[in-house]
$ cat model-v5.tsv   # TSV, C-alpha atoms
chain	number	residue	atom	x	y	z
Y	276	MET	CA	-6.41	16.83	15.95
Y	277	THR	CA	-9.82	16.41	14.39
Y	278	ALA	CA	-11.05	13.22	12.75
Y	279	ASP	CA	-11.08	14.93	9.35
Y	280	ARG	CA	-7.48	16.07	9.65
Y	281	THR	CA	-6.32	12.67	10.88
Y	282	ALA	CA	-7.96	10.73	8.06
Y	283	ALA	CA	-6.83	13.23	5.45
Y	284	SER	CA	-3.21	13.05	6.61
Y	285	ALA	CA	-3.08	9.37	5.61
Y	286	SER	CA	-4.83	9.78	2.29
Y	287	GLY	CA	-3.49	12.94	0.72
Y	288	ALA	CA	-6.27	15.01	-0.75
Y	289	ALA	CA	-8.91	12.30	-0.32
Y	290	PRO	CA	-11.93	13.14	1.82
Y	291	SER	CA	-11.90	11.96	5.41
Y	292	ALA	CA	-13.57	8.73	6.45
Y	293	SER	CA	-16.31	10.56	8.29
Y	294	ALA	CA	-16.92	13.00	5.43
Y	295	SER	CA	-17.23	10.19	2.88
Y	296	GLY	CA	-19.86	8.37	4.94
Y	297	ALA	CA	-17.60	5.42	5.67
Y	298	SER	CA	-18.41	3.10	8.51
Y	299	ARG	CA	-17.10	3.61	12.03
Y	300	ALA	CA	-14.82	0.63	11.51
Y	301	GLU	CA	-13.19	2.35	8.54
Y	302	LEU	CA	-12.91	5.61	10.46
Y	303	ILE	CA	-11.14	3.81	13.29
Y	304	ALA	CA	-8.76	2.01	10.93
Y	305	ASP	CA	-8.05	5.16	8.88
Y	306	THR	CA	-7.34	7.10	12.05
Y	307	ALA	CA	-5.03	4.35	13.28
Y	308	LEU	CA	-3.07	4.56	10.02
Y	309	ALA	CA	-2.84	8.34	10.29
Y	310	LEU	CA	-1.57	8.10	13.87
Y	311	LEU	CA	1.05	5.56	12.85
Y	312	ALA	CA	2.33	7.92	10.17
Y	313	GLU	CA	2.27	10.95	12.47
Y	314	ARG	CA	3.38	9.52	15.84
Y	315	GLY	CA	4.81	6.08	15.18
Y	316	MET	CA	3.88	2.81	16.83
Y	317	ARG	CA	4.13	4.23	20.35
Y	318	GLY	CA	1.58	6.87	19.52
Y	319	LEU	CA	-1.06	4.34	18.51
Y	320	THR	CA	-3.41	3.59	21.41
Y	321	HIS	CA	-7.13	2.94	21.64
Y	322	ARG	CA	-7.59	6.21	23.49
Y	323	ALA	CA	-5.55	8.15	20.92
Y	324	VAL	CA	-7.71	6.79	18.11
Y	325	ASP	CA	-10.90	7.78	19.95
Y	326	GLU	CA	-9.60	11.29	20.57
Y	327	ALA	CA	-8.23	11.84	17.06
Y	328	ALA	CA	-11.36	10.46	15.39
Y	329	GLY	CA	-13.70	12.45	17.63
Y	330	LEU	CA	-15.35	9.30	18.95
Y	331	PRO	CA	-16.63	8.64	22.50
Y	332	LEU	CA	-13.98	7.05	24.69
Y	333	GLY	CA	-14.18	3.28	24.47
Y	334	SER	CA	-15.36	3.21	20.84
Y	335	THR	CA	-12.10	1.82	19.50
Y	336	SER	CA	-11.92	-0.78	22.28
Y	337	ASN	CA	-15.43	-1.92	21.40
Y	338	HIS	CA	-14.37	-2.40	17.78
Y	339	ALA	CA	-10.91	-3.90	18.43
Y	340	ARG	CA	-10.56	-5.25	21.96
Y	341	THR	CA	-6.82	-5.78	21.92
Y	342	ARG	CA	-3.83	-3.99	20.44
Y	343	ALA	CA	-3.28	-6.96	18.13
Y	344	ALA	CA	-6.86	-6.62	16.85
Y	345	LEU	CA	-6.34	-2.89	16.24
Y	346	LEU	CA	-3.13	-3.55	14.32
Y	347	LYS	CA	-4.86	-6.20	12.18
Y	348	ALA	CA	-7.66	-3.75	11.43
Y	349	ALA	CA	-5.05	-1.23	10.33
Y	350	VAL	CA	-3.33	-3.77	8.06
Y	351	ARG	CA	-6.65	-4.80	6.53
Y	352	ARG	CA	-7.59	-1.18	5.82
Y	353	LEU	CA	-4.11	-0.48	4.48
Y	354	ALA	CA	-4.53	-3.27	1.92
Y	355	GLN	CA	-7.93	-1.92	0.89
Y	356	ARG	CA	-6.64	1.59	0.37
Y	357	GLU	CA	-3.51	0.50	-1.46
Y	358	ALA	CA	-5.66	-1.60	-3.80
Y	359	GLU	CA	-7.62	1.54	-4.66
Y	360	VAL	CA	-4.51	3.35	-5.90
Y	361	LEU	CA	-5.08	1.77	-9.33
Y	362	ALA	CA	-8.66	1.21	-10.42
Y	363	PRO	CA	-9.43	-2.11	-12.15
Y	364	ASP	CA	-10.38	-0.37	-15.40
Y	365	GLU	CA	-6.94	1.25	-15.49
Y	366	MET	CA	-5.17	-2.09	-15.63
Y	367	PRO	CA	-4.39	-3.61	-19.06
Y	368	GLY	CA	-6.34	-6.66	-20.15
Y	369	PRO	CA	-4.80	-10.10	-20.80
Y	370	ALA	CA	-1.98	-9.99	-23.32
Y	371	GLY	CA	-3.88	-12.25	-25.69
Y	372	ALA	CA	-6.83	-9.87	-25.70
Y	373	ALA	CA	-4.84	-6.76	-26.59
Y	374	PRO	CA	-5.89	-5.05	-29.84
Y	375	ASP	CA	-3.61	-5.42	-32.83
Y	376	GLY	CA	-0.69	-3.02	-32.68
Y	377	THR	CA	-0.89	-2.67	-28.89
Y	378	ASP	CA	2.29	-3.33	-26.93
Y	379	PRO	CA	1.21	-5.28	-23.82
Y	380	VAL	CA	4.54	-4.64	-22.09
Y	381	ALA	CA	4.20	-0.88	-22.59
Y	382	GLU	CA	0.60	-1.01	-21.36
Y	383	LEU	CA	1.55	-2.81	-18.16
Y	384	ALA	CA	4.54	-0.51	-17.60
Y	385	ASP	CA	2.26	2.52	-17.94
Y	386	ALA	CA	-0.33	1.12	-15.52
Y	387	LEU	CA	2.28	0.20	-12.92
Y	388	ALA	CA	3.93	3.61	-13.29
Y	389	LEU	CA	0.59	5.31	-12.70
Y	390	ALA	CA	-0.02	3.30	-9.52
Y	391	LEU	CA	3.48	3.82	-8.15
Y	392	HIS	CA	3.47	7.53	-8.93
Y	393	ARG	CA	0.18	7.97	-7.07
Y	394	SER	CA	1.63	6.15	-4.07
Y	395	LEU	CA	4.74	8.32	-4.04
Y	396	THR	CA	2.96	11.63	-4.52
Y	397	THR	CA	-0.37	11.37	-2.69
Y	398	GLN	CA	0.05	8.41	-0.33
Y	399	ARG	CA	3.34	9.13	1.43
Y	400	ASP	CA	1.80	8.99	4.91
Y	401	LEU	CA	0.16	5.70	4.02
Y	402	LEU	CA	3.56	4.32	3.03
Y	403	ILE	CA	5.07	5.42	6.35
Y	404	ALA	CA	2.22	3.71	8.20
Y	405	ARG	CA	2.92	0.55	6.21
Y	406	TYR	CA	6.56	0.55	7.25
Y	407	GLU	CA	5.56	0.96	10.89
Y	408	LEU	CA	3.27	-2.07	10.56
Y	409	ALA	CA	5.87	-4.12	8.69
Y	410	LEU	CA	8.45	-3.55	11.41
Y	411	GLU	CA	5.93	-4.39	14.13
Y	412	ALA	CA	5.09	-7.60	12.27
Y	413	THR	CA	8.68	-8.75	12.74
Y	414	ARG	CA	8.00	-8.81	16.51
Y	415	ARG	CA	4.44	-10.19	16.45
Y	416	PRO	CA	4.04	-13.61	14.79
Y	417	GLU	CA	0.25	-13.26	14.65
Y	418	LEU	CA	0.57	-9.93	12.82
Y	419	ARG	CA	3.33	-11.30	10.57
Y	420	GLU	CA	1.02	-14.01	9.28
Y	421	PHE	CA	-1.79	-11.53	8.69
Y	422	TYR	CA	0.50	-8.96	7.04
Y	423	ASP	CA	2.02	-11.58	4.72
Y	424	ALA	CA	-1.43	-12.81	3.69
Y	425	THR	CA	-2.43	-9.33	2.55
Y	426	GLY	CA	0.84	-9.06	0.63
Y	427	ARG	CA	0.04	-12.19	-1.34
Y	428	GLY	CA	-3.13	-10.47	-2.51
Y	429	PHE	CA	-0.91	-8.06	-4.46
Y	430	ARG	CA	1.78	-10.45	-5.68
Y	431	GLU	CA	-0.50	-13.14	-7.07
Y	432	PRO	CA	-2.27	-10.88	-9.64
Y	433	LEU	CA	1.15	-9.60	-10.72
Y	434	GLU	CA	2.30	-13.19	-11.23
Y	435	ALA	CA	-0.75	-13.77	-13.42
Y	436	MET	CA	0.12	-10.69	-15.48
Y	437	MET	CA	3.68	-11.90	-15.96
Y	438	THR	CA	2.38	-15.29	-17.05
Y	439	ALA	CA	0.11	-13.59	-19.60
Y	440	LEU	CA	3.11	-11.70	-20.97
Y	441	GLY	CA	4.94	-14.98	-21.56
Y	442	SER	CA	7.27	-15.03	-18.55
Y	443	THR	CA	8.89	-18.40	-18.01
Y	444	GLU	CA	9.38	-17.61	-14.31
Y	445	PRO	CA	6.38	-15.46	-13.35
Y	446	ARG	CA	6.80	-15.94	-9.59
Y	447	ARG	CA	10.43	-14.80	-9.57
Y	448	HIS	CA	9.77	-11.99	-12.00
Y	449	ALA	CA	6.81	-10.72	-9.98
Y	450	ARG	CA	8.93	-10.72	-6.84
Y	451	SER	CA	11.63	-8.74	-8.63
Y	452	LEU	CA	9.08	-6.14	-9.72
Y	453	VAL	CA	7.71	-5.90	-6.19
Y	454	ALA	CA	11.22	-5.53	-4.77
Y	455	TRP	CA	12.01	-2.71	-7.21
Y	456	CYS	CA	8.80	-0.93	-6.25
Y	457	GLU	CA	9.45	-1.44	-2.55
Y	458	GLY	CA	12.93	0.01	-2.84
Y	459	LEU	CA	11.67	3.12	-4.62
Y	460	MET	CA	8.79	3.60	-2.19
Y	461	PHE	CA	11.01	3.39	0.87
Y	462	SER	CA	13.66	5.64	-0.64
Y	463	CYS	CA	11.10	8.30	-1.58
Y	464	ALA	CA	8.96	8.05	1.56
Y	465	ALA	CA	11.61	7.72	4.24
Y	466	GLY	CA	15.02	7.43	2.63
Y	467	ALA	CA	17.56	9.69	1.00
Y	468	ASP	CA	15.39	10.41	-2.04
Y	469	HIS	CA	12.40	11.74	-0.11
Y	470	ASP	CA	12.74	15.06	-1.95
Y	471	ALA	CA	13.40	13.59	-5.40
Y	472	VAL	CA	10.31	11.61	-6.41
Y	473	PRO	CA	10.60	10.33	-10.02
Y	474	ASP	CA	7.93	11.55	-12.42
Y	475	ARG	CA	5.56	9.16	-14.11
Y	476	ALA	CA	7.59	9.08	-17.33
Y	477	ALA	CA	10.73	8.00	-15.48
Y	478	LEU	CA	8.82	5.29	-13.63
Y	479	ARG	CA	7.30	4.09	-16.90
Y	480	THR	CA	10.77	3.80	-18.43
Y	481	GLY	CA	12.04	1.89	-15.42
Y	482	PHE	CA	9.18	-0.59	-15.49
Y	483	ALA	CA	9.55	-1.10	-19.24
Y	484	GLU	CA	13.27	-1.81	-18.87
Y	485	LEU	CA	12.62	-4.33	-16.13
Y	486	LEU	CA	9.81	-6.08	-17.96
Y	487	ARG	CA	11.61	-6.31	-21.30
Y	488	GLY	CA	14.76	-7.54	-19.59
Y	489	MET	CA	12.81	-10.26	-17.78
Y	490	LEU	CA	11.04	-11.30	-20.97
Y	491	ASP	CA	14.31	-11.15	-22.92
Y	492	GLU	CA	12.94	-8.78	-25.53
$ encode --input "model-v5.tsv" --output "structure tokens"
Amino acid sequence: MTADRTAASASGAAPSASASGASRAELIADTALALLAERGMRGLTHRAVDEAAGLPLGSTSNHARTRAALLKAAVRRLAQREAEVLAPDEMPGPAGAAPDGTDPVAELADALALALHRSLTTQRDLLIARYELALEATRRPELREFYDATGRGFREPLEAMMTALGSTEPRRHARSLVAWCEGLMFSCAAGADHDAVPDRAALRTGFAELLRGMLDE
């Protein structure tokens, strides 16, 4: 497998790491994610990354000396790429700053639906790689701590959004939203609904129902 094919398999139609001029570190991490999605945890080795990325043997070992270091690099890159699913300018502003007549709940529901739909339709391999890493983290305490830290980087902004919407329990409500998203992502990426991905309108409706129910509207 070429480096371009490997990187592309984990990012849908996005250009490969090498084609986009990304650093060698990103190429290695992107290739590791692609291998996890394609071959599972057993298929991820330093040598396999070198071969799939078209790098000289030993390149991955020079970047990440141990398997734990390679897995951490993959988790770090996973968080970066998942954060890019929704651009900052696509997120709604603070509820208090919304123009008159704008429904902040509907705005947030639409933004979250856009992000989730992109994940389900163009990032399926990335989701599979994430599940491989999550399961491995249950067996590696050092990876568990690192994986959980990256997860907080997604939950905390969502808590802030729930606070801005007037939630009286933003932490619990944010966790409920995350759990709903996680359930859909697993079901559509690896579960029984892998061939029945909801469209953006259905996701928007689901988010709106959850948000309004939490806010008792």
$ closest_residue --input "model-v5.tsv" --among "Y:Ile403, Y:Ala390, Y:Ala344, Y:Ala454" --to "Leu308 of chain Y" --atoms "only C-alpha atoms"
Y:Ile403
$ atom_distance --input "model-v5.tsv" --atom1 "atom CA of Leu410 of chain Y" --atom2 "atom CA of Arg446 of chain Y"
24.4 Å
$ closest_residue --input "model-v5.tsv" --among "Y:Ser451, Y:Thr425, Y:Ser462, Y:Ser442" --to "Leu395 of chain Y" --atoms "only C-alpha atoms"
Y:Ser462
$ residues_around --input "model-v5.tsv" --residues "Ala343 of chain Y" --least-positions-apart "3" --cutoff "9 Å" --atoms "only C-alpha atoms" --output "mmCIF file with C-alpha atoms, keeping the file's coordinate frame"
data_model
loop_
_atom_site.group_PDB
_atom_site.id
_atom_site.type_symbol
_atom_site.label_atom_id
_atom_site.label_comp_id
_atom_site.auth_asym_id
_atom_site.auth_seq_id
_atom_site.Cartn_x
_atom_site.Cartn_y
_atom_site.Cartn_z
ATOM 1 C CA ALA Y 339 -10.910 -3.900 18.430
ATOM 2 C CA ARG Y 340 -10.560 -5.250 21.960
ATOM 3 C CA LEU Y 346 -3.130 -3.550 14.320
ATOM 4 C CA LYS Y 347 -4.860 -6.200 12.180
ATOM 5 C CA ALA Y 348 -7.660 -3.750 11.430
ATOM 6 C CA ARG Y 415 4.440 -10.190 16.450
ATOM 7 C CA GLU Y 417 0.250 -13.260 14.650
ATOM 8 C CA LEU Y 418 0.570 -9.930 12.820
#
$ residues_around --input "model-v5.tsv" --residues "Ala412 of chain Y" --least-positions-apart "6" --cutoff "12 Å" --atoms "all atoms listed in the file" --output "VMD selection string"
chain Y and resid 316 343 346 to 347 350 405 to 406 418 to 424
$ atom_distance --input "model-v5.tsv" --atom1 "atom CA of Ala471 of chain Y" --atom2 "atom CA of Trp455 of chain Y"
16.5 Å
$ residues_around --input "model-v5.tsv" --residues "Arg399 of chain Y" --least-positions-apart "2" --cutoff "9 Å" --atoms "only C-alpha atoms" --output "list of chain:residue names"
Y:Ala285, Y:Ser286, Y:Gly287, Y:Ala312, Y:Ser394, Y:Leu395, Y:Thr396, Y:Thr397, Y:Leu401, Y:Leu402, Y:Ile403, Y:Ala404, Y:Met460, Y:Cys463, Y:Ala464, Y:Ala465
